[in-house]
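Q: data-v8.cif (mmCIF, C-alpha atoms) pasted underneath:
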data_my_file
loop_
_atom_site.label_atom_id
_atom_site.label_comp_id
_atom_site.auth_asym_id
_atom_site.auth_seq_id
_atom_site.Cartn_x
_atom_site.Cartn_y
_atom_site.Cartn_z
CA MET A 1 14.12 -20.44 32.52
CA SER A 2 11.21 -21.86 30.55
CA SER A 3 9.76 -19.92 27.64
CA ILE A 4 6.42 -18.14 27.85
CA GLU A 5 3.58 -19.48 25.72
CA ALA A 6 0.07 -18.31 24.92
CA GLU A 7 -3.09 -20.16 23.95
CA VAL A 8 -6.59 -19.44 22.75
CA ARG A 9 -9.49 -20.95 24.69
CA PHE A 10 -12.80 -22.20 23.33
CA GLY A 11 -15.66 -23.84 25.15
CA THR A 12 -17.28 -27.22 24.43
CA THR A 13 -20.04 -29.36 25.90
CA GLU A 14 -18.32 -32.70 25.25
CA LEU A 15 -14.55 -32.81 24.90
CA ARG A 16 -14.47 -36.42 23.66
CA ASP A 17 -16.19 -35.38 20.44
CA ASP A 18 -13.64 -32.61 19.73
CA ILE A 19 -10.46 -34.69 20.09
CA PRO A 20 -10.73 -36.62 16.80
CA PHE A 21 -11.72 -33.43 14.95
CA PHE A 22 -8.61 -31.51 15.99
CA VAL A 23 -6.22 -34.47 15.72
CA GLU A 24 -7.49 -36.35 12.68
CA THR A 25 -9.38 -33.76 10.61
CA LEU A 26 -7.18 -30.71 11.28
CA GLY A 27 -3.94 -32.61 11.82
CA MET A 28 -3.05 -30.85 15.06
CA ARG A 29 -1.10 -32.42 17.92
CA MET A 30 -2.70 -32.97 21.33
CA ASP A 31 -0.26 -31.75 23.99
CA THR A 32 -2.34 -31.86 27.16
CA ILE A 33 -5.47 -33.60 28.43
CA TYR A 34 -6.91 -33.82 31.95
CA PRO A 35 -8.27 -35.10 34.28
CA ALA A 36 -7.69 -38.65 33.17
CA ASP A 37 -10.93 -40.14 34.50
CA ASP A 38 -13.24 -37.54 32.92
CA PRO A 39 -11.29 -35.18 30.59
CA ARG A 40 -12.46 -31.58 30.69
CA VAL A 41 -9.46 -29.80 29.13
CA ALA A 42 -7.33 -30.59 26.09
CA VAL A 43 -4.67 -28.41 24.46
CA PHE A 44 -3.82 -28.86 20.78
CA SER A 45 -0.96 -27.26 18.84
CA GLY A 46 -0.14 -26.81 15.20
CA TYR A 47 0.42 -24.20 12.48
CA GLY A 48 1.95 -21.81 15.04
CA LEU A 49 -1.14 -21.93 17.28
CA ARG A 50 -2.11 -23.41 20.66
CA VAL A 51 -5.82 -24.10 21.16
CA ARG A 52 -7.30 -24.94 24.55
CA ILE A 53 -10.66 -26.71 24.42
CA GLU A 54 -12.35 -26.58 27.81
CA LYS A 55 -15.63 -28.14 28.80
CA ASP A 56 -18.21 -25.53 29.84
CA ALA A 57 -15.79 -22.61 29.36
CA PRO A 58 -17.59 -19.24 29.35
CA GLU A 59 -16.39 -18.19 25.87
CA THR A 60 -18.84 -18.26 23.03
CA THR A 61 -18.02 -20.14 19.86
CA GLY A 62 -15.38 -18.46 17.70
CA THR A 63 -13.58 -19.01 14.41
CA LEU A 64 -10.15 -20.48 13.66
CA ARG A 65 -8.44 -19.65 10.38
CA ILE A 66 -5.84 -22.06 9.01
CA LEU A 67 -3.74 -20.78 6.12
CA SER A 68 -2.22 -23.32 3.76
CA PRO A 69 -0.12 -22.95 0.59
CA GLN A 70 -2.37 -25.68 -0.89
CA PRO A 71 -5.78 -25.21 0.76
CA ASP A 72 -7.55 -27.55 -1.67
CA THR A 73 -5.48 -30.48 -0.37
CA PHE A 74 -6.03 -29.67 3.31
CA ALA A 75 -8.84 -31.45 5.20
CA ASN A 76 -9.99 -33.17 1.99
CA GLY A 77 -10.47 -29.84 0.28
CA SER A 78 -13.08 -28.44 2.67
CA ARG A 79 -12.85 -24.68 3.06
CA THR A 80 -15.25 -24.43 6.01
CA LEU A 81 -15.53 -26.95 8.85
CA ILE A 82 -17.58 -26.97 12.05
CA ALA A 83 -16.13 -28.73 15.11
CA PRO A 84 -18.45 -30.75 17.36
CA SER A 85 -18.18 -27.88 19.87
CA GLY A 86 -19.47 -25.47 17.22
CA ILE A 87 -16.10 -23.82 16.51
CA ARG A 88 -15.97 -22.62 12.93
CA VAL A 89 -12.76 -23.45 11.05
CA GLU A 90 -11.92 -21.63 7.81
CA ILE A 91 -9.23 -22.93 5.46
CA ASP A 92 -7.72 -20.23 3.27
CA GLN A 93 -4.77 -19.52 1.00
CA LEU A 94 -1.44 -18.72 2.63
CA ASP A 95 0.09 -15.67 0.90
CA PRO A 96 -2.55 -15.44 -1.86
CA PRO A 97 -1.54 -13.87 -5.19
CA LEU A 98 -2.09 -10.14 -5.49
CA THR A 99 -5.28 -9.23 -7.32
CA ILE A 100 -5.94 -5.76 -8.73
CA PRO A 101 -9.59 -4.78 -9.19
CA GLU A 102 -10.64 -3.56 -12.59
CA THR A 103 -10.36 0.21 -12.71
CA LEU A 104 -13.68 2.01 -12.39
CA HIS A 105 -12.81 5.20 -14.22
CA SER A 106 -14.04 8.55 -13.02
CA PHE A 107 -13.18 12.23 -13.32
CA ALA A 108 -12.27 13.25 -9.79
CA VAL A 109 -10.93 16.46 -8.27
CA ARG A 110 -9.79 16.78 -4.65
CA ARG A 111 -8.97 20.28 -3.44
CA LEU A 112 -7.06 21.19 -0.30
CA VAL A 113 -9.54 23.97 0.51
CA ASP A 114 -12.30 21.35 0.77
CA ARG A 115 -10.70 20.41 4.11
CA SER A 116 -11.03 16.66 3.81
CA PRO A 117 -10.12 15.07 7.16
CA TRP A 118 -6.64 13.93 8.16
CA ILE A 119 -6.76 10.38 9.56
CA ILE A 120 -4.10 9.03 11.91
CA GLY A 121 -2.69 5.90 10.27
CA ARG A 122 0.28 3.57 10.66
CA ALA A 123 3.22 4.69 12.84
CA GLY A 124 1.34 7.86 13.92
CA MET A 125 1.40 9.44 10.45
CA TYR A 126 -1.50 11.59 9.18
CA TYR A 127 -3.23 10.63 5.92
CA ARG A 128 -5.47 12.70 3.58
CA ASP A 129 -7.26 10.70 0.89
CA LEU A 130 -6.74 12.22 -2.57
CA VAL A 131 -8.97 9.83 -4.59
CA PRO A 132 -12.06 9.11 -2.47
CA ASP A 133 -13.56 6.45 -4.78
CA ARG A 134 -10.12 4.86 -5.26
CA LEU A 135 -11.18 4.02 -8.82
CA GLY A 136 -13.03 0.96 -7.62
CA GLY A 137 -10.08 -0.23 -5.54
CA ALA A 138 -7.51 -0.02 -8.34
CA MET A 139 -5.33 2.59 -6.60
CA ILE A 140 -4.92 4.75 -3.53
CA ALA A 141 -3.32 8.19 -3.39
CA SER A 142 -2.58 9.76 -0.02
CA HIS A 143 -1.18 13.06 1.17
CA VAL A 144 0.86 12.01 4.22
CA ARG A 145 2.36 14.28 6.84
CA ILE A 146 4.38 13.84 9.99
CA PRO A 147 3.68 16.92 12.18
CA ASP A 148 6.37 16.36 14.80
CA GLY A 149 9.84 15.46 13.59
CA GLY A 150 12.35 13.11 15.12
CA PRO A 151 12.57 9.32 15.25
CA VAL A 152 9.59 7.52 13.70
CA PRO A 153 8.19 4.53 15.66
CA ASP A 154 8.38 2.20 12.66
CA GLN A 155 9.36 -1.46 12.24
CA VAL A 156 10.96 -3.37 9.39
CA HIS A 157 8.04 -4.11 7.07
CA PHE A 158 7.02 -4.66 3.47
CA HIS A 159 3.95 -4.11 1.32
CA LYS A 160 2.21 -6.60 -0.95
CA VAL A 161 1.65 -4.21 -3.84
CA ALA A 162 1.99 -4.04 -7.60
CA PHE A 163 3.32 -0.47 -7.52
CA GLN A 164 4.22 2.05 -4.81
CA LEU A 165 5.59 5.59 -5.06
CA ILE A 166 6.76 7.96 -2.32
CA PHE A 167 7.24 11.58 -3.46
CA CYS A 168 8.53 14.22 -1.03
CA LEU A 169 6.73 17.58 -0.88
CA GLU A 170 8.18 19.24 2.21
CA GLY A 171 10.82 18.55 4.82
CA TRP A 172 12.84 15.34 4.74
CA VAL A 173 12.51 11.70 5.73
CA ASP A 174 15.19 9.04 6.29
CA VAL A 175 14.40 5.47 5.22
CA VAL A 176 16.56 2.34 5.11
CA TYR A 177 15.94 -0.34 2.48
CA GLU A 178 16.84 -3.98 2.01
CA ASP A 179 19.98 -4.47 -0.12
CA GLN A 180 20.35 -0.71 -0.73
CA GLY A 181 23.06 0.18 1.78
CA GLY A 182 22.62 2.67 4.60
CA PRO A 183 19.83 5.18 5.26
CA ARG A 184 18.62 7.32 2.37
CA ARG A 185 17.21 10.82 2.75
CA LEU A 186 14.24 11.98 0.69
CA THR A 187 14.04 15.78 0.23
CA PRO A 188 11.53 17.97 -1.68
CA GLY A 189 11.16 16.84 -5.30
CA ASP A 190 12.83 13.47 -4.66
CA CYS A 191 10.98 10.16 -4.89
CA PHE A 192 11.32 6.49 -4.01
CA ILE A 193 9.91 3.53 -5.87
CA GLN A 194 9.39 0.75 -3.35
CA PRO A 195 9.27 -2.50 -5.33
CA PRO A 196 6.81 -5.17 -4.18
CA ARG A 197 7.89 -6.75 -0.88
CA ILE A 198 11.14 -4.83 -0.42
CA ARG A 199 11.83 -4.62 3.32
CA HIS A 200 12.25 -1.10 4.68
CA ARG A 201 11.87 1.07 7.76
CA VAL A 202 11.23 4.76 8.24
CA LEU A 203 13.89 6.05 10.65
CA ALA A 204 13.29 9.75 11.19
CA ALA A 205 11.64 12.79 9.68
CA SER A 206 11.73 16.56 9.94
CA ASP A 207 8.95 18.62 11.46
CA GLU A 208 6.01 18.87 9.06
CA CYS A 209 7.44 16.35 6.63
CA GLN A 210 4.92 15.80 3.83
CA VAL A 211 4.89 13.18 1.06
CA ILE A 212 2.55 11.83 -1.59
CA GLU A 213 2.11 8.06 -1.47
CA ILE A 214 0.58 6.11 -4.38
CA GLY A 215 -0.29 2.43 -4.05
CA VAL A 216 -1.73 -0.15 -6.44
CA PRO A 217 -4.11 -1.74 -5.54
CA ALA A 218 -5.86 0.50 -3.01
CA GLU A 219 -6.17 -2.18 -0.33
CA HIS A 220 -2.89 -3.98 0.17
CA VAL A 221 -1.33 -5.85 3.05
CA THR A 222 1.55 -4.47 5.13
CA GLU A 223 3.50 -7.19 6.94
CA ILE A 224 6.05 -6.78 9.72
CA ASP A 225 9.33 -8.67 9.30
CA HIS A 226 10.50 -9.50 12.82
CA GLU A 227 13.61 -11.34 11.63
CA MET A 228 15.37 -8.90 9.30
CA THR A 229 17.68 -6.17 10.56
CA LEU A 230 18.31 -3.12 8.38
CA PRO A 231 20.59 -2.12 6.84
CA THR A 232 21.41 -5.56 5.46
CA ALA A 233 25.02 -6.77 5.56
CA THR A 234 25.25 -6.87 1.77
CA SER A 235 24.20 -4.40 -0.92
CA CYS A 236 22.69 -5.29 -4.30
CA PRO A 237 21.41 -2.08 -5.95
CA THR A 238 20.45 -3.89 -9.18
CA ARG A 239 18.26 -6.49 -7.45
CA GLU A 240 14.71 -6.89 -8.77
CA TRP A 241 11.50 -7.62 -6.88
CA ASP A 242 8.76 -8.90 -9.21
CA GLY A 243 10.58 -7.29 -12.14
CA GLN A 244 11.00 -3.90 -10.44
CA LYS A 245 14.12 -2.17 -9.11
CA PHE A 246 14.41 0.23 -6.21
CA VAL A 247 14.59 3.86 -7.37
CA HIS A 248 15.87 6.88 -5.44
CA ASN A 249 15.39 9.75 -7.87
CA LEU A 250 16.94 13.10 -6.95
CA ALA A 251 15.38 16.40 -8.04
CA ALA A 252 18.82 18.02 -8.08
CA GLU A 253 19.86 15.78 -10.98
CA ALA A 254 16.83 16.60 -13.14
CA GLU A 255 16.97 17.09 -16.91
CA TRP A 256 13.97 18.87 -18.39
CA VAL A 257 12.51 17.83 -21.76
CA PRO A 258 9.24 18.55 -23.61
CA PHE A 259 6.20 16.93 -21.97
CA ARG A 260 3.58 14.86 -23.78
CA LEU A 261 1.22 17.87 -23.65
CA PRO A 262 1.97 21.10 -25.56
CA GLY A 263 2.95 24.06 -23.43
CA TYR A 264 4.76 22.04 -20.77
CA ASP A 265 8.16 20.52 -19.96
CA CYS A 266 8.86 17.58 -17.68
CA ARG A 267 11.60 15.72 -15.90
CA ASP A 268 11.43 11.95 -15.94
CA THR A 269 12.17 9.94 -12.79
CA SER A 270 13.43 6.72 -14.47
CA ILE A 271 10.48 4.89 -12.97
CA PHE A 272 9.15 3.70 -16.33
CA GLU A 273 12.48 2.01 -17.04
CA ASN A 274 12.93 0.53 -13.56
CA THR A 275 9.39 -0.84 -13.22
CA GLY A 276 9.44 -2.55 -16.61
CA GLY A 277 6.83 -0.11 -17.93
CA THR A 278 4.38 -0.70 -15.07
CA ALA A 279 4.19 3.02 -14.33
CA GLY A 280 5.49 6.40 -15.36
CA VAL A 281 6.19 9.36 -13.07
CA GLN A 282 6.99 12.85 -14.31
CA ILE A 283 7.32 16.26 -12.71
CA VAL A 284 5.75 18.84 -15.04
CA ARG A 285 6.26 22.62 -15.32
CA ARG A 286 5.29 25.46 -17.65
CA GLY A 287 7.03 25.29 -21.01
CA GLU A 288 6.87 26.98 -24.41
CA GLY A 289 3.68 27.23 -26.43
CA GLU A 290 0.00 27.22 -25.56
CA PRO A 291 -1.78 24.35 -23.77
CA LYS A 292 -4.20 22.38 -25.96
CA TRP A 293 -7.09 20.02 -25.44
CA ALA A 294 -6.00 16.38 -25.28
CA SER A 295 -7.09 12.90 -24.21
CA HIS A 296 -5.11 9.86 -23.14
CA GLY A 297 -5.35 6.14 -23.80
CA GLY A 298 -3.89 4.84 -20.54
CA ASP A 299 -5.65 3.29 -17.57
CA ILE A 300 -4.82 5.49 -14.55
CA LEU A 301 -3.73 9.14 -14.81
CA PHE A 302 -3.29 10.92 -11.46
CA SER A 303 -1.92 14.43 -10.93
CA PHE A 304 -1.05 16.48 -7.84
CA VAL A 305 -0.25 20.19 -7.87
CA ILE A 306 3.05 20.74 -6.06
CA ARG A 307 3.22 24.53 -6.41
CA GLY A 308 1.66 27.33 -8.42
CA ARG A 309 -1.77 27.15 -10.03
CA LEU A 310 -3.59 26.12 -13.22
CA THR A 311 -7.10 25.69 -14.59
CA LEU A 312 -8.38 22.17 -15.28
CA GLU A 313 -10.98 22.14 -18.07
CA GLY A 314 -12.87 18.95 -18.88
CA ASP A 315 -15.51 17.90 -21.40
CA GLY A 316 -18.93 18.42 -19.80
CA SER A 317 -17.45 19.85 -16.60
CA GLU A 318 -17.09 23.30 -15.11
CA PRO A 319 -13.46 24.50 -14.99
CA TYR A 320 -11.56 23.92 -11.76
CA GLN A 321 -9.13 26.54 -10.48
CA LEU A 322 -6.40 24.40 -8.90
CA GLN A 323 -3.51 25.30 -6.65
CA ALA A 324 -0.85 23.61 -4.51
CA GLY A 325 -2.28 20.65 -2.60
CA ASP A 326 -5.01 19.83 -5.14
CA ALA A 327 -5.23 16.50 -6.97
CA PHE A 328 -7.19 15.15 -9.92
CA VAL A 329 -7.76 11.96 -11.92
CA VAL A 330 -8.62 12.01 -15.62
CA PRO A 331 -10.26 8.92 -17.17
CA PRO A 332 -9.15 7.61 -20.57
CA LYS A 333 -10.60 9.24 -23.69
CA MET A 334 -11.90 12.25 -21.78
CA GLY A 335 -10.88 15.57 -23.33
CA THR A 336 -9.17 17.96 -20.93
CA ARG A 337 -7.01 21.05 -21.08
CA LEU A 338 -4.56 22.30 -18.45
CA SER A 339 -4.79 26.02 -19.10
CA GLU A 340 -3.63 29.27 -17.50
CA PRO A 341 -0.57 27.78 -15.76
CA SER A 342 1.31 30.13 -13.46
CA ALA A 343 5.01 30.71 -14.10
CA ASP A 344 5.96 28.75 -10.97
CA LEU A 345 3.64 25.79 -11.68
CA GLU A 346 4.89 22.27 -10.96
CA PHE A 347 2.72 19.19 -10.76
CA LEU A 348 3.28 15.47 -10.32
CA GLU A 349 1.82 13.09 -12.92
CA VAL A 350 1.61 9.34 -12.22
CA THR A 351 0.39 7.03 -14.97
CA LEU A 352 -0.30 3.32 -15.26
CA PRO A 353 0.85 1.87 -17.51
CA GLY A 354 3.89 4.07 -18.04
CA GLU A 355 3.47 4.29 -21.80
CA PHE A 356 0.19 5.13 -23.57
CA PRO A 357 -1.07 7.20 -26.51
CA THR A 358 -1.96 10.86 -26.14
CA ALA A 359 -4.31 12.48 -28.66
CA ILE A 360 -3.83 16.24 -29.13
CA GLU A 361 -6.86 18.09 -30.50
CA SER A 362 -6.20 20.64 -33.21
#
Kindly present the structure from the file in structure tokens form.

A:
Amino acid sequence: MSSIEAEVRFGTTELRDDIPFFVETLGMRMDTIYPADDPRVAVFSGYGLRVRIEKDAPETTGTLRILSPQPDTFANGSRTLIAPSGIRVEIDQLDPPLTIPETLHSFAVRRLVDRSPWIIGRAGMYYRDLVPDRLGGAMIASHVRIPDGGPVPDQVHFHKVAFQLIFCLEGWVDVVYEDQGGPRRLTPGDCFIQPPRIRHRVLAASDECQVIEIGVPAEHVTEIDHEMTLPTATSCPTREWDGQKFVHNLAAEAEWVPFRLPGYDCRDTSIFENTGGTAGVQIVRRGEGEPKWASHGGDILFSFVIRGRLTLEGDGSEPYQLQAGDAFVVPPKMGTRLSEPSADLEFLEVTLPGEFPTAIES
């Protein structure tokens, strides 16, 4: 039985003019041409694509994109070409390097009571944006929930990111990762660090599973890997991807120590160590002493209230009464105070880089 193929059709007014363009300029192979006495159809193949050029076809002119690891050496370095038929051809970088926009700092507060919309995203999951301006594209923070539990219609995939955190708020979710053995279950207070490009697949989740997902940069590519099957046959828990290791941090194994801010304790998640200092992630609770005004010298400082309540005071801003489900971003050098914490307060703090100075005001 022969295999099934597909092709893309474009129209032309004179096929003879298009043949040398596709064969000589683009380096594609001509597979079919007919009729012999007055050719009206030619099919070219190359770069995983079949293109059918047909005289007087009804389609309007379109665009072909050819991705090359060395685009400046392809087609004599031209990045945009126009075929005799009018087809636009763009030459671009295959797998371009990740670029992170410069952070546009802002003081931002997102409260659950504001009822920002839930958007249906990948694999049927619901997303609530926690940083609307995304700091100029430097990061994205999402509150993600899966209303109906059971198997998740996911595929083996990976993300082209510089940093990605998954922190569980409610319920549980099972995920399988490349080189990390069998499925792993994330439960409330646990977190994953997904290193850049690690293959993984969400298998199943409980009813009303909720997680916080942080990604740097805000817009990043998710690619499906149709070849890999998970779990992989071998396990290599110490493997690194772009200098980062996979982390599955368990809340049940937490050790609490004084936090960088007076009046609070924290438990570290080992993410600073396992990302080479790219990021730091702490879970913070009420400690001994009184909260004080402070400022930080990092780049990104994001917090999400897991439970309880507190008051966020900021220089030049009215105080915010925050509770579970609220999030905020504090820019560098801005004075703030986290006051009036409830006894059951816990919040998540994510910082990039993972180490930075904190100035405590007397």

Q: A:Asp31, A:Glu178, A:Asp148, A:Glu253: which is nearest Ala205 in chain A, counting all atoms listed in the file?

A: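 Residue with the minimum atom-to-atom distance to Ala205 in chain A: A:Asp148.
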
Q: Which value, in Å to one decimal, gives the distance between CA of Leu15 in chain A and CA of Val41 in chain A?

A: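 We find that CA of Leu15 in chain A and CA of Val41 in chain A lie 7.3 Å from each other.
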
Q: Please enumerate the residues selected by the PyMOL selection byres ((chain A and resi 23) around 12) when evaluated against the supplied file, formatted as number ranges by chain.

A: A: 16-22, 24-31, 42-46, 51, 75, 83

Q: A:Ile214, A:Val281, A:Leu81, A:Leu322: which is nearest Glu355 in chain A, counting all atoms listed in the file?

A: A:Val281

Q: Please write as a PyMOL selection string the full residue list that the PyMOL selection byres ((chain A and resi 296-304) around 7) yields on this file.

A: chain A and resi 294-295+305-306+325-333+347-353+356-359

Q: Selection in question (the file shown): the PyMOL selection byres ((chain A and resi 248) around 9). Which residues does it include, as JSON, numbers by chain?

A: {"A": [184, 186, 190, 191, 192, 193, 246, 247, 249, 250, 269]}

Q: Near range 228-234 of chain A, within 12 Å and counting only C-alpha atoms, which residues show up once chain neighbours fewer than 3 positions away are dropped, as a list in words?

A: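 Listing them by chain and then by number gives Gln155, Val156, His157, Phe158, Val175, Val176, Tyr177, Glu178, Asp179, Gln180, Gly181, Gly182, Pro183, Arg184, Ile198, Arg199, His200, Arg201, Val202, Leu203, Ile224, Asp225, Pro237 and Arg239 of chain A.
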
Q: Those residues with C-alpha atoms, as a tab-separated table (two decimals), in the frame of the given file please?

A:
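Written out: part-v5.tsv:
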chain	number	residue	atom	x	y	z
A	155	GLN	CA	9.36	-1.46	12.24
A	156	VAL	CA	10.96	-3.37	9.39
A	157	HIS	CA	8.04	-4.11	7.07
A	158	PHE	CA	7.02	-4.66	3.47
A	175	VAL	CA	14.40	5.47	5.22
A	176	VAL	CA	16.56	2.34	5.11
A	177	TYR	CA	15.94	-0.34	2.48
A	178	GLU	CA	16.84	-3.98	2.01
A	179	ASP	CA	19.98	-4.47	-0.12
A	180	GLN	CA	20.35	-0.71	-0.73
A	181	GLY	CA	23.06	0.18	1.78
A	182	GLY	CA	22.62	2.67	4.60
A	183	PRO	CA	19.83	5.18	5.26
A	184	ARG	CA	18.62	7.32	2.37
A	198	ILE	CA	11.14	-4.83	-0.42
A	199	ARG	CA	11.83	-4.62	3.32
A	200	HIS	CA	12.25	-1.10	4.68
A	201	ARG	CA	11.87	1.07	7.76
A	202	VAL	CA	11.23	4.76	8.24
A	203	LEU	CA	13.89	6.05	10.65
A	224	ILE	CA	6.05	-6.78	9.72
A	225	ASP	CA	9.33	-8.67	9.30
A	237	PRO	CA	21.41	-2.08	-5.95
A	239	ARG	CA	18.26	-6.49	-7.45

Q: For each of A:Ile283, A:Met334, A:Ala218, A:Leu49, take the minimum atom-to-atom distance to His105 in chain A, counting all atoms listed in the file, then give the residue where this is smallest.

A: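 Once distances to His105 in chain A are computed over all atoms listed in the file, the minimum belongs to A:Met334.
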
Q: With distances taken over all atoms listed in the file, which of A:Val257, A:Asn274, A:Ser206, A:Leu135 is nearest to Thr238 in chain A?

A: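 Of A:Val257, A:Asn274, A:Ser206, A:Leu135, the one nearest Thr238 in chain A is A:Asn274, counting all atoms listed in the file.
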
Q: Please tell me which residues are no farther than 9 Å from (7.4, 8.2, 19.7) in the file, counting only C-alpha atoms, and write them as a list in words.

A: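 Here is the list of nearby residues: Ala123, Gly124, Gly150, Pro151, Val152 and Pro153 of chain A.
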
Q: Keeping C-alpha atoms, export the residues of the selection given above as a CSV table (one decimal), in the coordinates of the input.

A:
chain,number,residue,atom,x,y,z
A,123,ALA,CA,3.2,4.7,12.8
A,124,GLY,CA,1.3,7.9,13.9
A,150,GLY,CA,12.4,13.1,15.1
A,151,PRO,CA,12.6,9.3,15.2
A,152,VAL,CA,9.6,7.5,13.7
A,153,PRO,CA,8.2,4.5,15.7

Q: Which value, in Å to one decimal, gives the distance between CA of Glu208 in chain A and CA of His220 in chain A?

A: 26.1 Å

Q: My list of candidates is A:Ser68, A:Ser270, A:Thr275, A:Ser142. Which is closest to Pro196 in chain A when distances are computed with all atoms listed in the file?

A: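 Checking each of A:Ser68, A:Ser270, A:Thr275, A:Ser142 against Pro196 in chain A, counting all atoms listed in the file, the winner is A:Thr275.
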
Q: Can I get a file of range 62-74 of chain A from the given structure, N, CA, C and O atoms kept, as a short mmCIF file (atom, residue, chain, number, x, y, z; two decimals), in the first residue's frame?

A:
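File result-v1.cif, as written:
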data_model
loop_
_atom_site.label_atom_id
_atom_site.label_comp_id
_atom_site.auth_asym_id
_atom_site.auth_seq_id
_atom_site.Cartn_x
_atom_site.Cartn_y
_atom_site.Cartn_z
N GLY A 62 0.37 33.26 -2.14
CA GLY A 62 0.63 33.06 -0.72
C GLY A 62 2.10 33.25 -0.39
O GLY A 62 2.87 33.83 -1.18
N THR A 63 2.50 32.74 0.77
CA THR A 63 3.88 32.87 1.24
C THR A 63 4.41 31.51 1.65
O THR A 63 3.74 30.75 2.35
N LEU A 64 5.63 31.20 1.21
CA LEU A 64 6.36 30.03 1.67
C LEU A 64 7.45 30.49 2.63
O LEU A 64 8.10 31.50 2.37
N ARG A 65 7.62 29.74 3.72
CA ARG A 65 8.70 30.04 4.65
C ARG A 65 9.67 28.87 4.67
O ARG A 65 9.26 27.73 4.93
N ILE A 66 10.93 29.13 4.39
CA ILE A 66 11.98 28.12 4.41
C ILE A 66 12.90 28.43 5.58
O ILE A 66 13.42 29.55 5.69
N LEU A 67 13.08 27.46 6.46
CA LEU A 67 13.87 27.66 7.66
C LEU A 67 15.20 26.93 7.51
O LEU A 67 15.25 25.73 7.25
N SER A 68 16.29 27.66 7.70
CA SER A 68 17.62 27.13 7.48
C SER A 68 18.49 27.39 8.71
O SER A 68 18.38 28.44 9.34
N PRO A 69 19.38 26.43 9.07
CA PRO A 69 20.30 26.71 10.18
C PRO A 69 21.30 27.80 9.85
O PRO A 69 21.88 28.41 10.74
N GLN A 70 21.50 28.06 8.54
CA GLN A 70 22.40 29.12 8.09
C GLN A 70 21.69 29.95 7.00
O GLN A 70 22.01 29.85 5.82
N PRO A 71 20.72 30.75 7.40
CA PRO A 71 19.91 31.47 6.40
C PRO A 71 20.71 32.44 5.54
O PRO A 71 20.32 32.71 4.40
N ASP A 72 21.82 32.95 6.05
CA ASP A 72 22.60 33.92 5.27
C ASP A 72 23.36 33.27 4.14
O ASP A 72 23.91 33.97 3.27
N THR A 73 23.45 31.94 4.13
CA THR A 73 24.12 31.24 3.03
C THR A 73 23.13 30.61 2.07
O THR A 73 23.52 30.00 1.08
N PHE A 74 21.84 30.74 2.34
CA PHE A 74 20.80 30.16 1.50
C PHE A 74 20.34 31.20 0.48
O PHE A 74 20.14 32.37 0.81
#
